[in-house]
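Visitor: This is the structure I want to talk about, given as structure tokens.
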Amino acid sequence: MQSKRPIALRRQTLRRQSIYLLPNLFTLAALFSGFYAIVQSMNKMFVPAAVAIFIAMILDGLDGRVARLTRTQSAFGAEFDSLSDMVSFGVAPALVVYEWALREFGKVGWMVAFVYCAGAALRLARFNTNIETGDKRWFQGLPSPSAAALVAGLVWISHEYADELSSISDALPFFALLLTLFAGLTMVSNVRFWSFKEINMRKTVPFVALLVMVLLLMLIVAKPPLVLFCLFLAYGASGYVMALWQLLRRGKKSVERQNNGSNGHGNGQN
């Protein structure tokens with residue numbers, strides 16, 4: 001019996017030190033895509049760099065789902081995913097947009113790129129600490145993959161539609177500066193964004209919903225950079241639109257309560 005105990009302990013220790021291969025392969029591929037984007041931006045190959053960031057987004061969305069489907073979630077996988085996200089959606093977009101447009105602004109350019117990078121790091125840290133307590137229907141601040149899609153999408157469409165944008169080519173660096181700053185600050189804001197986690201794939205949906213998905217897929221296939229950039233730009237603005245709408249609703253309700261209170265007070269005097 002005594003000889004079996006060390007073997008059992010070794011097996012238990014080995015089990016604790018091992019990792020699940022399948023979900024971590026997706027995370028590793030996402031990390032590679034982010035690193036590849038950095039290397040390509042240093043070589044002034046900005047379209048492959050932008051595409052690599054979008055590929056990292058797809059892989060990042062798959063690793064968690066694969067882990068849940070195969071019941072291979074682990075603390076190691078969660079930490080590895082966060083580090084991969086920091087490279088793919090924090091460092092890579094900041095360096096790509098800096099090499100593409102922000103370098104010409106000098107100190108202001110690299111400071112804005114750092115604001116974006118720091119915003120991604122703070123966003124990921126806040127998400128990890130609030131993951132058990134936050135409302136899963138909403139993201140607090142713009143998710144880092146969506147922020148990366150804004151920055152990388154602008155780089156992508158500026159090259160794919162260079163002829164169409166030639167008339168405003170001089171203004172593109174300024175727009176890139178503002179968009180990068182917007183994405184970085186929005187990641188650490190308290191603005192809420194819909195997480196889409198309420199969508200249940202197992203529930204029935206109207207037939208028209210499938211038709212809309214087909215049309216959206218056709219649009220993405222027809223003009224990937226333009227459609228993807230517009231979608232994420234709309235998503236980035238949606239949080240502010242919803243916050244403004246809620247603010248207006250609260251203001252309207254406050255005015256109605258004041259009016260009702262004054263009417264009641266007046267009736268009491270009569």
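If you're wondering about the labels, chains in the structure tokens are A, B, ... by order shown, residues count from 1 in each chain, ligands from 1 in order shown.
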Report as a VMD selection string all protein, DNA and RNA residues lying within 10 Å of Gly61 in chain A, evaluated on only C-alpha atoms, omitting residues in the same chain fewer than 4 positions from it.
Guide: chain A and resid 26 to 27 30 55 to 57 65 to 66 145
Visitor: Find the spatial neighbours of Leu185 in chain A, counting only C-alpha atoms, within a cut-off of 12 Å - ignore same-chain residues fewer than 2 positions away - and output them as a list in words.
Guide: Val112, Ala113, Phe114, Val115, Tyr116, Cys117, Ala118, Gly119, Ala120, Ala121, Leu122, Arg123, Gly141, Leu142, Pro143, Ser144, Ala147, Leu178, Leu179, Thr180, Leu181, Phe182, Ala183, Met187, Val188, Ser189, Asn190, Val191 and Gly236 of chain A
Visitor: Using the chain letters and numbers from this document, which residues of range 102-189 of chain A does DSSP assign to helix (DSSP H, G or I), as a PDB file with N, CA and C atoms, in the first residue's frame?
Guide:
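Writing done, so here's out.pdb:
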ATOM      1  N   LEU A 102       0.030  57.041 -37.497  1.00  0.00           N
ATOM      2  CA  LEU A 102       0.288  57.894 -36.334  1.00  0.00           C
ATOM      3  C   LEU A 102       1.742  58.316 -36.192  1.00  0.00           C
ATOM      4  N   ARG A 103       2.637  57.653 -36.890  1.00  0.00           N
ATOM      5  CA  ARG A 103       4.051  57.998 -36.768  1.00  0.00           C
ATOM      6  C   ARG A 103       4.310  59.447 -37.171  1.00  0.00           C
ATOM      7  N   GLU A 104       3.563  59.944 -38.155  1.00  0.00           N
ATOM      8  CA  GLU A 104       3.804  61.297 -38.657  1.00  0.00           C
ATOM      9  C   GLU A 104       3.409  62.379 -37.651  1.00  0.00           C
ATOM     10  N   PHE A 105       2.663  61.998 -36.602  1.00  0.00           N
ATOM     11  CA  PHE A 105       2.280  62.970 -35.575  1.00  0.00           C
ATOM     12  C   PHE A 105       3.336  63.095 -34.483  1.00  0.00           C
ATOM     13  N   LYS A 107       5.335  62.760 -31.222  1.00  0.00           N
ATOM     14  CA  LYS A 107       5.051  62.369 -29.843  1.00  0.00           C
ATOM     15  C   LYS A 107       3.561  62.129 -29.624  1.00  0.00           C
ATOM     16  N   VAL A 108       2.732  62.962 -30.223  1.00  0.00           N
ATOM     17  CA  VAL A 108       1.280  62.787 -30.064  1.00  0.00           C
ATOM     18  C   VAL A 108       0.843  61.436 -30.616  1.00  0.00           C
ATOM     19  N   GLY A 109       1.442  61.016 -31.719  1.00  0.00           N
ATOM     20  CA  GLY A 109       1.068  59.751 -32.335  1.00  0.00           C
ATOM     21  C   GLY A 109       1.337  58.561 -31.443  1.00  0.00           C
ATOM     22  N   TRP A 110       2.572  58.481 -30.882  1.00  0.00           N
ATOM     23  CA  TRP A 110       2.844  57.308 -30.050  1.00  0.00           C
ATOM     24  C   TRP A 110       2.144  57.392 -28.704  1.00  0.00           C
ATOM     25  N   MET A 111       1.812  58.602 -28.250  1.00  0.00           N
ATOM     26  CA  MET A 111       1.053  58.725 -27.011  1.00  0.00           C
ATOM     27  C   MET A 111      -0.366  58.214 -27.199  1.00  0.00           C
ATOM     28  N   VAL A 112      -0.991  58.522 -28.330  1.00  0.00           N
ATOM     29  CA  VAL A 112      -2.338  58.012 -28.613  1.00  0.00           C
ATOM     30  C   VAL A 112      -2.308  56.500 -28.766  1.00  0.00           C
ATOM     31  N   ALA A 113      -1.279  55.983 -29.446  1.00  0.00           N
ATOM     32  CA  ALA A 113      -1.144  54.532 -29.580  1.00  0.00           C
ATOM     33  C   ALA A 113      -0.999  53.871 -28.206  1.00  0.00           C
ATOM     34  N   PHE A 114      -0.273  54.526 -27.294  1.00  0.00           N
ATOM     35  CA  PHE A 114      -0.118  53.971 -25.949  1.00  0.00           C
ATOM     36  C   PHE A 114      -1.430  54.049 -25.174  1.00  0.00           C
ATOM     37  N   VAL A 115      -2.192  55.118 -25.355  1.00  0.00           N
ATOM     38  CA  VAL A 115      -3.500  55.219 -24.700  1.00  0.00           C
ATOM     39  C   VAL A 115      -4.375  54.037 -25.108  1.00  0.00           C
ATOM     40  N   TYR A 116      -4.338  53.700 -26.393  1.00  0.00           N
ATOM     41  CA  TYR A 116      -5.105  52.543 -26.854  1.00  0.00           C
ATOM     42  C   TYR A 116      -4.593  51.263 -26.193  1.00  0.00           C
ATOM     43  N   CYS A 117      -3.275  51.075 -26.194  1.00  0.00           N
ATOM     44  CA  CYS A 117      -2.673  49.865 -25.626  1.00  0.00           C
ATOM     45  C   CYS A 117      -2.982  49.749 -24.135  1.00  0.00           C
ATOM     46  N   ALA A 118      -2.843  50.837 -23.403  1.00  0.00           N
ATOM     47  CA  ALA A 118      -3.144  50.828 -21.973  1.00  0.00           C
ATOM     48  C   ALA A 118      -4.629  50.600 -21.727  1.00  0.00           C
ATOM     49  N   GLY A 119      -5.474  51.174 -22.593  1.00  0.00           N
ATOM     50  CA  GLY A 119      -6.914  50.953 -22.461  1.00  0.00           C
ATOM     51  C   GLY A 119      -7.281  49.486 -22.615  1.00  0.00           C
ATOM     52  N   ALA A 120      -6.633  48.803 -23.555  1.00  0.00           N
ATOM     53  CA  ALA A 120      -6.888  47.371 -23.740  1.00  0.00           C
ATOM     54  C   ALA A 120      -6.460  46.584 -22.511  1.00  0.00           C
ATOM     55  N   ALA A 121      -5.289  46.920 -21.935  1.00  0.00           N
ATOM     56  CA  ALA A 121      -4.814  46.216 -20.744  1.00  0.00           C
ATOM     57  C   ALA A 121      -5.761  46.431 -19.563  1.00  0.00           C
ATOM     58  N   LEU A 122      -6.202  47.671 -19.354  1.00  0.00           N
ATOM     59  CA  LEU A 122      -7.121  47.963 -18.256  1.00  0.00           C
ATOM     60  C   LEU A 122      -8.478  47.315 -18.483  1.00  0.00           C
ATOM     61  N   ARG A 123      -8.920  47.296 -19.735  1.00  0.00           N
ATOM     62  CA  ARG A 123     -10.205  46.668 -20.057  1.00  0.00           C
ATOM     63  C   ARG A 123     -10.176  45.175 -19.746  1.00  0.00           C
ATOM     64  N   LEU A 124      -9.099  44.505 -20.126  1.00  0.00           N
ATOM     65  CA  LEU A 124      -8.986  43.068 -19.863  1.00  0.00           C
ATOM     66  C   LEU A 124      -8.879  42.784 -18.372  1.00  0.00           C
ATOM     67  N   ALA A 125      -8.123  43.609 -17.655  1.00  0.00           N
ATOM     68  CA  ALA A 125      -7.993  43.410 -16.210  1.00  0.00           C
ATOM     69  C   ALA A 125      -9.339  43.602 -15.518  1.00  0.00           C
ATOM     70  N   ARG A 126     -10.090  44.617 -15.903  1.00  0.00           N
ATOM     71  CA  ARG A 126     -11.400  44.853 -15.293  1.00  0.00           C
ATOM     72  C   ARG A 126     -12.370  43.740 -15.625  1.00  0.00           C
ATOM     73  N   PHE A 127     -12.312  43.247 -16.856  1.00  0.00           N
ATOM     74  CA  PHE A 127     -13.201  42.153 -17.250  1.00  0.00           C
ATOM     75  C   PHE A 127     -12.913  40.898 -16.431  1.00  0.00           C
ATOM     76  N   ASN A 128     -11.644  40.589 -16.220  1.00  0.00           N
ATOM     77  CA  ASN A 128     -11.286  39.385 -15.468  1.00  0.00           C
ATOM     78  C   ASN A 128     -11.697  39.478 -14.004  1.00  0.00           C
ATOM     79  N   THR A 129     -11.638  40.676 -13.425  1.00  0.00           N
ATOM     80  CA  THR A 129     -12.010  40.824 -12.013  1.00  0.00           C
ATOM     81  C   THR A 129     -13.517  40.880 -11.811  1.00  0.00           C
ATOM     82  N   SER A 144     -12.312  44.613 -26.175  1.00  0.00           N
ATOM     83  CA  SER A 144     -11.052  44.839 -26.882  1.00  0.00           C
ATOM     84  C   SER A 144     -11.055  44.288 -28.309  1.00  0.00           C
ATOM     85  N   PRO A 145     -11.690  43.126 -28.618  1.00  0.00           N
ATOM     86  CA  PRO A 145     -11.734  42.703 -30.022  1.00  0.00           C
ATOM     87  C   PRO A 145     -12.471  43.697 -30.919  1.00  0.00           C
ATOM     88  N   SER A 146     -13.550  44.289 -30.408  1.00  0.00           N
ATOM     89  CA  SER A 146     -14.294  45.276 -31.201  1.00  0.00           C
ATOM     90  C   SER A 146     -13.472  46.544 -31.403  1.00  0.00           C
ATOM     91  N   ALA A 147     -12.741  46.959 -30.372  1.00  0.00           N
ATOM     92  CA  ALA A 147     -11.862  48.124 -30.517  1.00  0.00           C
ATOM     93  C   ALA A 147     -10.775  47.846 -31.546  1.00  0.00           C
ATOM     94  N   ALA A 148     -10.218  46.638 -31.517  1.00  0.00           N
ATOM     95  CA  ALA A 148      -9.201  46.267 -32.496  1.00  0.00           C
ATOM     96  C   ALA A 148      -9.775  46.245 -33.905  1.00  0.00           C
ATOM     97  N   ALA A 149     -11.031  45.816 -34.037  1.00  0.00           N
ATOM     98  CA  ALA A 149     -11.668  45.780 -35.352  1.00  0.00           C
ATOM     99  C   ALA A 149     -11.863  47.186 -35.920  1.00  0.00           C
ATOM    100  N   LEU A 150     -12.135  48.161 -35.057  1.00  0.00           N
ATOM    101  CA  LEU A 150     -12.262  49.539 -35.524  1.00  0.00           C
ATOM    102  C   LEU A 150     -10.948  50.037 -36.114  1.00  0.00           C
ATOM    103  N   VAL A 151      -9.866  49.818 -35.380  1.00  0.00           N
ATOM    104  CA  VAL A 151      -8.557  50.309 -35.815  1.00  0.00           C
ATOM    105  C   VAL A 151      -8.076  49.553 -37.045  1.00  0.00           C
ATOM    106  N   ALA A 152      -8.128  48.221 -36.980  1.00  0.00           N
ATOM    107  CA  ALA A 152      -7.667  47.409 -38.110  1.00  0.00           C
ATOM    108  C   ALA A 152      -8.572  47.582 -39.321  1.00  0.00           C
ATOM    109  N   GLY A 153      -9.872  47.781 -39.088  1.00  0.00           N
ATOM    110  CA  GLY A 153     -10.796  47.971 -40.205  1.00  0.00           C
ATOM    111  C   GLY A 153     -10.514  49.245 -40.977  1.00  0.00           C
ATOM    112  N   LEU A 154     -10.153  50.303 -40.272  1.00  0.00           N
ATOM    113  CA  LEU A 154      -9.809  51.552 -40.953  1.00  0.00           C
ATOM    114  C   LEU A 154      -8.563  51.382 -41.810  1.00  0.00           C
ATOM    115  N   VAL A 155      -7.569  50.687 -41.281  1.00  0.00           N
ATOM    116  CA  VAL A 155      -6.354  50.431 -42.053  1.00  0.00           C
ATOM    117  C   VAL A 155      -6.674  49.611 -43.293  1.00  0.00           C
ATOM    118  N   TRP A 156      -7.551  48.612 -43.131  1.00  0.00           N
ATOM    119  CA  TRP A 156      -7.892  47.716 -44.233  1.00  0.00           C
ATOM    120  C   TRP A 156      -8.619  48.454 -45.353  1.00  0.00           C
ATOM    121  N   ILE A 157      -9.673  49.211 -44.994  1.00  0.00           N
ATOM    122  CA  ILE A 157     -10.455  49.865 -46.041  1.00  0.00           C
ATOM    123  C   ILE A 157      -9.669  50.987 -46.717  1.00  0.00           C
ATOM    124  N   SER A 158      -8.732  51.600 -46.000  1.00  0.00           N
ATOM    125  CA  SER A 158      -7.945  52.682 -46.607  1.00  0.00           C
ATOM    126  C   SER A 158      -7.067  52.169 -47.739  1.00  0.00           C
ATOM    127  N   HIS A 159      -6.695  50.886 -47.688  1.00  0.00           N
ATOM    128  CA  HIS A 159      -5.902  50.307 -48.759  1.00  0.00           C
ATOM    129  C   HIS A 159      -6.778  49.648 -49.819  1.00  0.00           C
ATOM    130  N   GLU A 160      -7.854  48.985 -49.399  1.00  0.00           N
ATOM    131  CA  GLU A 160      -8.733  48.330 -50.361  1.00  0.00           C
ATOM    132  C   GLU A 160      -9.485  49.338 -51.214  1.00  0.00           C
ATOM    133  N   SER A 166      -9.212  58.666 -52.256  1.00  0.00           N
ATOM    134  CA  SER A 166      -8.087  59.531 -52.610  1.00  0.00           C
ATOM    135  C   SER A 166      -8.370  61.001 -52.325  1.00  0.00           C
ATOM    136  N   SER A 167      -9.634  61.404 -52.436  1.00  0.00           N
ATOM    137  CA  SER A 167      -9.972  62.809 -52.221  1.00  0.00           C
ATOM    138  C   SER A 167      -9.838  63.219 -50.749  1.00  0.00           C
ATOM    139  N   ILE A 168      -9.908  62.244 -49.843  1.00  0.00           N
ATOM    140  CA  ILE A 168      -9.791  62.562 -48.412  1.00  0.00           C
ATOM    141  C   ILE A 168      -8.570  61.872 -47.798  1.00  0.00           C
ATOM    142  N   LEU A 172      -7.195  61.158 -43.612  1.00  0.00           N
ATOM    143  CA  LEU A 172      -7.232  59.832 -43.002  1.00  0.00           C
ATOM    144  C   LEU A 172      -6.351  59.713 -41.758  1.00  0.00           C
ATOM    145  N   PRO A 173      -5.115  60.259 -41.757  1.00  0.00           N
ATOM    146  CA  PRO A 173      -4.316  60.158 -40.528  1.00  0.00           C
ATOM    147  C   PRO A 173      -4.974  60.829 -39.322  1.00  0.00           C
ATOM    148  N   PHE A 174      -5.636  61.959 -39.548  1.00  0.00           N
ATOM    149  CA  PHE A 174      -6.324  62.628 -38.442  1.00  0.00           C
ATOM    150  C   PHE A 174      -7.507  61.798 -37.962  1.00  0.00           C
ATOM    151  N   PHE A 175      -8.223  61.185 -38.899  1.00  0.00           N
ATOM    152  CA  PHE A 175      -9.330  60.318 -38.531  1.00  0.00           C
ATOM    153  C   PHE A 175      -8.819  59.095 -37.767  1.00  0.00           C
ATOM    154  N   ALA A 176      -7.671  58.543 -38.209  1.00  0.00           N
ATOM    155  CA  ALA A 176      -7.072  57.405 -37.510  1.00  0.00           C
ATOM    156  C   ALA A 176      -6.674  57.786 -36.091  1.00  0.00           C
ATOM    157  N   LEU A 177      -6.144  59.005 -35.928  1.00  0.00           N
ATOM    158  CA  LEU A 177      -5.757  59.479 -34.597  1.00  0.00           C
ATOM    159  C   LEU A 177      -6.974  59.557 -33.679  1.00  0.00           C
ATOM    160  N   LEU A 178      -8.053  60.136 -34.183  1.00  0.00           N
ATOM    161  CA  LEU A 178      -9.265  60.285 -33.371  1.00  0.00           C
ATOM    162  C   LEU A 178      -9.923  58.940 -33.093  1.00  0.00           C
ATOM    163  N   LEU A 179      -9.956  58.072 -34.097  1.00  0.00           N
ATOM    164  CA  LEU A 179     -10.600  56.770 -33.923  1.00  0.00           C
ATOM    165  C   LEU A 179      -9.812  55.903 -32.932  1.00  0.00           C
ATOM    166  N   THR A 180      -8.499  55.956 -32.996  1.00  0.00           N
ATOM    167  CA  THR A 180      -7.679  55.192 -32.050  1.00  0.00           C
ATOM    168  C   THR A 180      -7.883  55.697 -30.630  1.00  0.00           C
ATOM    169  N   LEU A 181      -7.931  57.014 -30.475  1.00  0.00           N
ATOM    170  CA  LEU A 181      -8.174  57.592 -29.152  1.00  0.00           C
ATOM    171  C   LEU A 181      -9.575  57.227 -28.662  1.00  0.00           C
ATOM    172  N   PHE A 182     -10.551  57.287 -29.548  1.00  0.00           N
ATOM    173  CA  PHE A 182     -11.933  56.913 -29.197  1.00  0.00           C
ATOM    174  C   PHE A 182     -11.998  55.463 -28.732  1.00  0.00           C
ATOM    175  N   ALA A 183     -11.365  54.565 -29.485  1.00  0.00           N
ATOM    176  CA  ALA A 183     -11.396  53.143 -29.127  1.00  0.00           C
ATOM    177  C   ALA A 183     -10.706  52.893 -27.790  1.00  0.00           C
ATOM    178  N   GLY A 184      -9.559  53.529 -27.578  1.00  0.00           N
ATOM    179  CA  GLY A 184      -8.831  53.324 -26.329  1.00  0.00           C
ATOM    180  C   GLY A 184      -9.592  53.810 -25.113  1.00  0.00           C
ATOM    181  N   LEU A 185     -10.198  54.994 -25.206  1.00  0.00           N
ATOM    182  CA  LEU A 185     -10.933  55.542 -24.067  1.00  0.00           C
ATOM    183  C   LEU A 185     -12.256  54.825 -23.842  1.00  0.00           C
ATOM    184  N   THR A 186     -12.893  54.380 -24.930  1.00  0.00           N
ATOM    185  CA  THR A 186     -14.174  53.699 -24.785  1.00  0.00           C
ATOM    186  C   THR A 186     -14.009  52.339 -24.117  1.00  0.00           C
ATOM    187  N   MET A 187     -12.849  51.709 -24.297  1.00  0.00           N
ATOM    188  CA  MET A 187     -12.621  50.428 -23.630  1.00  0.00           C
ATOM    189  C   MET A 187     -12.640  50.557 -22.116  1.00  0.00           C
TER     190      MET A 187
END
Visitor: Smallest atom-to-atom distance to Phe232 in chain A: which of A:Lys44, A:Phe193, A:Val205, A:Glu164, using only C-alpha atoms?
Guide: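 When distances to Phe232 in chain A are compared using only C-alpha atoms, the smallest one comes from A:Phe193.
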